[in-house]
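Undergrad: I have a structure I would like to understand better, so I am pasting it below and will then ask my questions one at a time.
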Amino acid sequence: CTSMKNLNRLSLVFSICIGILATAPATSQTTSQQGAKKFGTLLSMLDRLYVDSIEMDKLVETAIVKMLEELDPHSVYFSEDDLKDANEPLDGSFEGIGVQFNIFKDTIMVVSPIAGGPSERLGIRAGDRIVQVEDEYVAGVDVTTKDVIRLLKGPKGTMVKVFIKRDGEKDLLVFDIERDKIPIFSVVAAHMVEPTIGYIKISRFAKTTLEELRTALSELKDKGMKDLILDLQGNGGGMLRTAINMSDEFLSDDKLIVYTEGRAFPREDTYTSYEGLFERGRLVILMDDGSASASEIVAGAVQDWDRGLIVGRRSFGKGLVQRPINLGDGSAVRLTVQKYYTPAGRCIQKPYDEGIDAYRDEKYDRYQSGELLSLDSLDLPDSLKFETRIKKRTVYGGGGILPDVFVPIDTTSNSETFRTLLRKGMMSSYALEFVDNNRARLEAEYPTEDDFVNQYIVSEKEIKAFQDWAQEKGSEDDPIEFPEGDWEISGEAITLRLKAFIGRNTYSQSTFYRVIGDLNEALNEAIEILNDGRFENSKLAHKSFR
């Protein structure tokens with residue numbers, strides 16, 4: 001029965017693919033049908049005749065994965081469990097009790113309850129320790145993140161009993177929590193960086209992203225925002241429709257945002273369709289080699305219409321569109337069916353003809369070639385040249401969005417000590433422990449996030465305490481030292497990151513970005529561009545959008 005189930009699933013894969021290729025020539029369809037029959041025959045023979053027993057389900061999944069790898073790097077297979085995990089960030093929610101947590105001293109510590117979630121509604125606080133879930137003890141038993149997810153996530157409406165140790169309380173606190181839908185926020189920071197300059201950082205393109213963006217834009221406008229810095233650094237993309245709608249927030253009139261086409265799909269143009277919340281005002285978008293897919297659609301549309309400046313480093317270069325295809329048993333594939341093109345006609349997909357390993361290693365090639373320090377290392381043939389739609393500026397396709405203003409990767413704070421602390425997550429871990437021991441004092445001395453950001457200083461005493469703590473955590477094989485030369489190079493960056501992590505654990509994730517902004521070279525460059533006249537000297541068409 002299991003064998004037939006998997007044979008049927010493989011047949012379904014081929015049937016779907018054949019259906020998608022319905023517009024292809026008849027000879028192509030015939031070849032596909034012959035291939036499906038051939039492969040089905042092989043699996044049947046393996047099941048009946050192979051010398052050893054076969055895990056047919058595993059074999060079928062391996063065949064599907066390898067087959068997709070031969071096509072392109074972004075056509076992928078998901079098992080039923082993997083599919084649910086992959087969809088949660090795009091759905092913009094998951095179902096559970098609604099806490100951000102860390103495993104701290106072999107205990108589940110609540111970093112913060114998620115706003116509007118069931119834990120916050122019941123009064124669970126940052127710093128609470130979850131020591132028991134139902135009848136299962138979770139303190140002092142080498143609990144893992146996987147264990148926490150298994151125990152606390154669950155369908156909306158189901159109940160879970162959680163036992164919490166809270167500082168100042170003699171007895172355990174018992175909470176009966178009804179699980180609910182928990183939002184996964186895409187806008188991780190939105191604040192003013194100067195009196196008239198707003199900053200918004202977006203981590204993904206999900207179903208709820210546009211609503212979050214519009215809320216952030218409205219709030220910043222109320223605070224006096226005239227210009228916007230949109231941070232898409234490290235944003236790997238997400239939903240195509242969300243990228244289109246986000247672009248519509250910045251482009252006016254009936255402007256082409258993106259078009260898609262594929263072998264089985266005719267060209268489809270998508271235009272702006274409504275009045276966005278930031279069609280007026282100067283716009284800068286921050287990007288780096290982690291900005292991909294949907295991020296590149298937004299940046300490409302803004303750049304091609306001369307609407308704003310792209311600042312940072314060359315983006316990832318993903319110009320392929322995937323369509324989810326259900327395989328009937330809960331598993332699915334995301335199959336590449338189209339390429340997308342920016343308004344100027346650019347396909348920014350980087351080459352993948354040398355195989356998936358070379359494709360994944362390309363980001364390391366950028367480092368080796370020196371591209372992260374200078375764009376001079378790039379070979380930009382005339383065949384990759386395009387013109388923007390209004391000002392006829394030269395832009396390039398064939399491998400990501402090139403910035404209008406290049407910002408090299410910052411190496412001025414780079415030392416062996418700093419690299420070791422980052423690799424081991426020392427600053428984050430220390431901040432978690434520090435806040436756990438000093439939460440009441442911090443909240444009393446700095447009642448608001450603004451108070452903390454503007455007034456808190458990491459003292460020399462606290463820096464020394466961190467150094468001692470880090471040296472104690474180091475091992476004989478991997479010691480942590482703080483030579484004077486390394487501290488001169490990296491001390492300021494280390495101290496600022498400590499403050500940022502302390503702020504995040506005391507207030508919220510957005511606090512981290514408010515503090516760490518001084519280390520964001522692209523952000524600092526964008527602020528200068530808006531202040532020193534370079535934006536106007538770029539001769540963009542942004543004034544025509546007013």
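Residue numbering restarts at 1 in every chain; chains get A, B, ... in the order shown in the structure tokens, and ligands count up from 1 in that same order.
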Could you pull out the strand (DSSP E or B) residues of region 189-268 of chain A from DSSP and send them as a ChimeraX atom specification?

TA: /A:189-194,197-202,205,227-231,238,256-262,265-268

Undergrad: Quick one: of A:Gly116, A:Gly319, A:Pro183, A:Gly345, who's nearest to Gly92 (chain A), counting only C-alpha atoms?

TA: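 Ranking A:Gly116, A:Gly319, A:Pro183, A:Gly345 by distance to Gly92 (chain A), first place goes to A:Pro183.
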
Undergrad: Can you tell me, as a PDB file with C-alpha atoms, in the first residue's frame, what residues are no more than 10 Å from Ser291 (chain A) when counting only C-alpha atoms, ignoring any on the same chain fewer than 3 positions away?

TA:
ATOM      1  CA  SER A 203      12.654  41.440   7.211  1.00  0.00           C
ATOM      2  CA  ARG A 204      10.364  39.529   4.804  1.00  0.00           C
ATOM      3  CA  ASP A 231      16.080  49.030   4.777  1.00  0.00           C
ATOM      4  CA  LEU A 232      15.897  45.785   2.792  1.00  0.00           C
ATOM      5  CA  GLN A 233      19.375  44.569   3.773  1.00  0.00           C
ATOM      6  CA  GLY A 234      19.303  40.837   4.426  1.00  0.00           C
ATOM      7  CA  ASN A 235      15.680  40.569   3.250  1.00  0.00           C
ATOM      8  CA  GLY A 236      15.534  37.350   1.227  1.00  0.00           C
ATOM      9  CA  GLY A 237      12.115  38.099  -0.254  1.00  0.00           C
ATOM     10  CA  LEU A 286      19.306  50.015   1.438  1.00  0.00           C
ATOM     11  CA  MET A 287      20.410  46.671  -0.059  1.00  0.00           C
ATOM     12  CA  ASP A 288      23.206  44.117   0.233  1.00  0.00           C
ATOM     13  CA  ALA A 294      10.809  40.459  -3.701  1.00  0.00           C
ATOM     14  CA  SER A 295      13.343  42.961  -2.329  1.00  0.00           C
ATOM     15  CA  GLU A 296      14.833  43.212  -5.808  1.00  0.00           C
ATOM     16  CA  ALA A 299      14.317  48.168  -5.659  1.00  0.00           C
ATOM     17  CA  ARG A 313      26.015  46.645  -2.280  1.00  0.00           C
ATOM     18  CA  ARG A 314      24.878  44.458  -5.170  1.00  0.00           C
ATOM     19  CA  SER A 315      21.814  42.406  -4.300  1.00  0.00           C
ATOM     20  CA  PHE A 316      21.595  38.620  -4.455  1.00  0.00           C
ATOM     21  CA  GLY A 317      20.248  38.208  -7.993  1.00  0.00           C
ATOM     22  CA  LYS A 318      17.073  36.066  -7.898  1.00  0.00           C
ATOM     23  CA  GLY A 400      21.295  41.487  -8.958  1.00  0.00           C
ATOM     24  CA  ILE A 401      20.504  45.166  -8.547  1.00  0.00           C
TER      25      ILE A 401
END

Undergrad: When distances are computed from only C-alpha atoms, which of A:Ala126, A:Val435, A:Val298, A:Val162 shows the smallest separation from Val138 (chain A)?

TA: A:Val162
